[in-house]
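I have placed the structure first, in the form of structure tokens, so that the comments after it can refer back to it.
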Amino acid sequence: MTNVELLNIVEKKIANRDCLGAEILCKKVLLTDPSNYFALGFLGIIAVTYRRFNVALTYFKEYLSIRGGHEDIEEKVIFGIADVYAHLPNNVEAKKMYEQALDQAYNSKKIRSHYAKIKNNVLGAHLKNAFEAEDLAKFASENNYSLSTVLKDEELVWTTPALESMVFQMTTKCNLRCVFCEQHWSNEHGQDASEEIIRTVLDFVKANGIKYVGLNTYGETLISKNWPSYAEELLGAGVELGIVTNLSMNLTDQEYTLLSKFKDIAVSVDSADSREFKKIRENSSLEIVLFNMNKIRIAALKESRNPPPIRWVSTMTDRIVPFLKDLVYLANDNGVKRLTMNDLWYYNNREIPLKSIFALTGESFLDAAKHITDAMKLAEDIKIDMNFLDLEWDELFASKVAVEKVKLEQGITVDVVEKPIELKTFINTDQLNVKMFRQEVKVPEYGETRFCLSPWSSPRIYPDGNVYTCCMTVRDSTLAMGKIDSSNSLYDVLNNSNFVDLRAQLLTGQITNPVCLNCNVTQIVPLEILRSKVRQYLYKTNIYAPDVYSKEGLRVFIKALCPEQDISHCQDSLEGLTSFMIDYCAKQALTGNVIEIPEYDFFCHQIRSRILELCKGRSVYIWGVGGRYDELKERFDGININAAFDTSSEKQGTQIGRGIDVFAPDKIATMPPYPIFVCSCAVNEIRAKIKCLSPNAVVIDFDRRKFVSACF
């Protein structure tokens, strides 16, 4: 195949969004012609498209080593190399590689302006820090902050007097020895909380109005001494309780009644076969679990109450996958409408009689994949929510399927479009150090962060008094965020330097905490998304904040929000104040300012309606011309839709409505900066893409189903 033929075929495949086919074609060419620089260049370009910059770096370096001394390097390759440099700003090799490409290429103004733009964007991202280290340290040392009506940036690093929830590990002991759990082989078999620690936590919960407490996610609360009296005390104080339990023990009628009052119960169930169940979870009994579940329901029905929702938590392994449909049927027959599947984690490389499905290869994996797909289809048909704990499980699973199919059918190893799965290095969890199968870890880039409220909203307290932020943090006492004791209250710990620093890392995107950086259960979002959500959360849970539903409270809030505005004409009317605030927020949104307001669900519809009114006769863009746009298009009457954008190659080049052209997303960078209305559920991902293409773009979120994506 000539280079020209390769170029034409690969470009057509990429244009048709068949990047996997393009990669396979390039790999086939390299099998017979390892020095084909066209194939290497295309592999690098495809890797950049999929944001696999380290992989792209490898292909581009090989490309340049073959092309060294030439003066006609392909322009697309130079653009790809520039993107690698931009996204690996600390990588010296990437910088050298880009400079080498520029030296060898013709002196194109377009290429050099592209490079300058990327360089400026990266530099600008460096400067967008909400906190300076010295100012933060000074503010923290004063330790006398107050939550104002509209929170200042520096106040976002503190928690509030009223936490949303808490997890209290009353014990880490367990009555089972599950073969995939550290307690199966460890000499340490857990610890009970002292009466002093329990009393401190319970008093804090009641005194601070905490709404929800989770009792254990590791260990077994129901074997803890006096747990019924503690649960009864919290329930009596109006606290909602949840629990993760194996339910493999004999319980009393009092315990059944207490559990029937819980808000939610998660039960460990892996197999519908009682013999296999017992082999996996030693000392357990499926029959006892099912009996206990029904006794809890009966206890609720006796008192004319609805039973609590019960979900099952399962560990996905090669042993249970062939019978996964049976588990779905059993769940349905027992009133369980939610199944949460976890991948198998490996403790210190110990040999265990189970395998993660991602450890399987070839036909073995594809057989397992069919069982999983069939079970998921069955769950969907009978309306059972079957979900996977890992945020990227769907992508992980689909990639593994594609990789194994290509390897079997064509003998090609795929490593760009679909990412190979491998056992990663140790990560820290509340069950000590483990390894798990993952793709290349995604970390936030400049202007991005993890969407996580845990350091503000839901601390975890262990039996020894140590306080952690979430389930992905460690139980190593030297790495705890703090410890409650006679000299440190929980409130003191929640606002110590460790917590303040972690919150600042998340709010600025300058994350150095390795657990947060490599987290596999939280989304990566633009900074303003997290900052907006934190501001709303802190305001909502601040017991001293004014009530924005009252005339007096809303007046105070508006004066803090925009002190320069004259509200004398409307301050005597709640309706007038509300109308003023909605108008102000809508106008700010259209200028690109982020306005975070409390009770977002209440005000957002009115703000969006006002935005549409303000846009009458103005030019805007639409992102997404699918079903969500069809639902909303009537609301855009009277607005000049200048153009539309969509990621679907089938829709690009077509027209919608009144002759409106649909373009590929990269066209945004060359068009006037009109407001962009996003008509899609994937708001966070689209916002990040738009900001990358046009940093100053005004993005308006019109997805009513995801309030976490608030743009005001």
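Naming scheme: A, B, ... for chains in displayed order of the structure tokens; residues 1 onward per chain; ligands 1 onward as shown.
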Residue list (strand (DSSP E), DSSP) for region 309-415 of chain A, as an MDAnalysis selection string: chainID A and resid 310:316 338:343 346:347 385:388
Serialized selection, N, CA and C atoms, as a tab-separated table (two decimals), in the first residue's frame:
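Once written, out_31.tsv looks like this:
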```
chain	number	residue	atom	x	y	z
A	310	ILE	N	-33.82	-2.32	49.98
A	310	ILE	CA	-32.63	-3.16	50.20
A	310	ILE	C	-31.96	-3.37	48.84
A	311	ARG	N	-30.68	-3.07	48.78
A	311	ARG	CA	-29.92	-3.34	47.55
A	311	ARG	C	-28.86	-4.40	47.86
A	312	TRP	N	-28.44	-5.10	46.84
A	312	TRP	CA	-27.39	-6.10	46.99
A	312	TRP	C	-26.08	-5.56	46.44
A	313	VAL	N	-25.01	-5.88	47.13
A	313	VAL	CA	-23.66	-5.50	46.70
A	313	VAL	C	-22.89	-6.78	46.40
A	314	SER	N	-22.37	-6.88	45.18
A	314	SER	CA	-21.69	-8.11	44.74
A	314	SER	C	-20.30	-7.80	44.23
A	315	THR	N	-19.40	-8.76	44.38
A	315	THR	CA	-18.06	-8.64	43.82
A	315	THR	C	-18.00	-9.48	42.55
A	316	MET	N	-17.75	-8.82	41.43
A	316	MET	CA	-17.76	-9.47	40.12
A	316	MET	C	-16.49	-10.29	39.94
A	338	ARG	N	-32.11	-3.07	43.14
A	338	ARG	CA	-30.83	-2.43	42.81
A	338	ARG	C	-29.68	-3.38	43.12
A	339	LEU	N	-28.82	-3.59	42.14
A	339	LEU	CA	-27.61	-4.41	42.28
A	339	LEU	C	-26.39	-3.54	42.02
A	340	THR	N	-25.49	-3.48	42.98
A	340	THR	CA	-24.24	-2.73	42.79
A	340	THR	C	-23.10	-3.74	42.66
A	341	MET	N	-22.42	-3.70	41.52
A	341	MET	CA	-21.35	-4.66	41.25
A	341	MET	C	-19.99	-3.99	41.45
A	342	ASN	N	-19.11	-4.66	42.18
A	342	ASN	CA	-17.74	-4.19	42.39
A	342	ASN	C	-16.77	-5.10	41.66
A	343	ASP	N	-15.67	-4.51	41.19
A	343	ASP	CA	-14.62	-5.35	40.62
A	343	ASP	C	-13.80	-5.95	41.76
A	346	TYR	N	-7.09	-6.80	44.51
A	346	TYR	CA	-6.05	-7.74	44.92
A	346	TYR	C	-5.23	-7.14	46.07
A	347	TYR	N	-5.13	-7.88	47.17
A	347	TYR	CA	-4.41	-7.41	48.36
A	347	TYR	C	-2.98	-7.95	48.36
A	385	ASP	N	-32.10	-1.91	38.71
A	385	ASP	CA	-30.96	-1.01	38.46
A	385	ASP	C	-29.67	-1.78	38.75
A	386	MET	N	-28.99	-2.21	37.71
A	386	MET	CA	-27.72	-2.93	37.84
A	386	MET	C	-26.60	-1.96	37.50
A	387	ASN	N	-25.84	-1.55	38.50
A	387	ASN	CA	-24.81	-0.54	38.26
A	387	ASN	C	-23.46	-1.02	38.76
A	388	PHE	N	-22.43	-0.31	38.35
A	388	PHE	CA	-21.06	-0.69	38.67
A	388	PHE	C	-20.37	0.45	39.40
```
Backbone-only DSSP, alpha helix (DSSP H) members of region 519-644 of chain A, as number ranges by chain: A: 527-541, 551-561, 574-590, 600-614, 627-632
All residues 10 Å or closer to Arg628 (chain A), only C-alpha atoms, same chain fewer than 2 positions away omitted, as a list in words: Gly624, Val625, Gly626, Asp630, Glu631, Leu632, Lys633, Val678, Cys679, Ser680, Cys681, Phe702 and Asp703 of chain A
Kindly save the residues from that selection, with C-alpha atoms included, as an mmCIF file, in the first residue's frame.
```cif
data_model
loop_
_atom_site.group_PDB
_atom_site.id
_atom_site.type_symbol
_atom_site.label_atom_id
_atom_site.label_comp_id
_atom_site.auth_asym_id
_atom_site.auth_seq_id
_atom_site.Cartn_x
_atom_site.Cartn_y
_atom_site.Cartn_z
ATOM 1 C CA GLY A 624 -26.450 19.049 20.442
ATOM 2 C CA VAL A 625 -29.216 18.554 17.872
ATOM 3 C CA GLY A 626 -30.585 15.235 19.122
ATOM 4 C CA ASP A 630 -36.173 18.450 19.873
ATOM 5 C CA GLU A 631 -37.722 18.804 23.343
ATOM 6 C CA LEU A 632 -36.449 22.381 23.683
ATOM 7 C CA LYS A 633 -36.506 23.861 20.184
ATOM 8 C CA VAL A 678 -26.024 23.067 25.544
ATOM 9 C CA CYS A 679 -28.945 20.713 24.853
ATOM 10 C CA SER A 680 -27.488 17.486 26.199
ATOM 11 C CA CYS A 681 -27.181 15.451 29.395
ATOM 12 C CA PHE A 702 -30.259 23.624 29.465
ATOM 13 C CA ASP A 703 -30.236 20.112 30.920
#
```
d(CA of Asp661 (chain A), CA of Ala697 (chain A)) in Å: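 A separation of 19.3 Å between them.
Residues in contact with region 543-548 of chain A at 7 Å, where only C-alpha atoms are counted and same-chain residues fewer than 5 positions away are skipped, are listed as Thr149, Pro161, Ala162, Gly553, Leu554 and Phe557 of chain A.
Residues within 12 Å of Glu303 (chain A), counting only C-alpha atoms and excluding same-chain residues fewer than 3 positions away, are Thr257, Leu258, Ser260, Lys261, Ile296, Arg297, Ile298, Ala299, Ala300, Asn306 and Pro307 of chain A.
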I need the residues from that last selection saved to file as a CSV table (one decimal), in the first residue's frame (with N, CA and C atoms), if you can.
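Contents of part30.csv, freshly written:
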```csv
chain,number,residue,atom,x,y,z
A,257,THR,N,-36.9,-4.9,64.0
A,257,THR,CA,-37.7,-3.7,64.1
A,257,THR,C,-36.9,-2.5,63.8
A,258,LEU,N,-35.7,-2.4,64.5
A,258,LEU,CA,-34.8,-1.3,64.3
A,258,LEU,C,-34.4,-1.2,62.8
A,260,SER,N,-35.8,-2.2,60.2
A,260,SER,CA,-37.0,-1.9,59.4
A,260,SER,C,-37.2,-0.4,59.3
A,261,LYS,N,-36.6,0.4,60.2
A,261,LYS,CA,-36.7,1.8,60.3
A,261,LYS,C,-35.6,2.6,59.6
A,296,ILE,N,-37.1,-8.4,58.2
A,296,ILE,CA,-37.1,-6.9,58.3
A,296,ILE,C,-38.3,-6.3,57.7
A,297,ARG,N,-38.7,-6.8,56.5
A,297,ARG,CA,-39.9,-6.3,55.8
A,297,ARG,C,-41.1,-6.6,56.6
A,298,ILE,N,-41.2,-7.8,57.2
A,298,ILE,CA,-42.4,-8.1,58.0
A,298,ILE,C,-42.5,-7.1,59.2
A,299,ALA,N,-41.3,-6.8,59.8
A,299,ALA,CA,-41.4,-5.9,61.0
A,299,ALA,C,-41.9,-4.6,60.6
A,300,ALA,N,-41.6,-4.1,59.4
A,300,ALA,CA,-42.1,-2.8,59.0
A,300,ALA,C,-43.6,-2.9,58.7
A,306,ASN,N,-43.7,1.4,55.3
A,306,ASN,CA,-43.1,0.8,54.1
A,306,ASN,C,-41.7,0.3,54.5
A,307,PRO,N,-41.4,-0.9,54.1
A,307,PRO,CA,-40.1,-1.5,54.4
A,307,PRO,C,-39.0,-0.7,53.7
```
Using only C-alpha atoms: which of A:Leu577, A:Val434, A:Leu30, A:Leu590 has the shortest distance to Arg350 (chain A): A:Val434
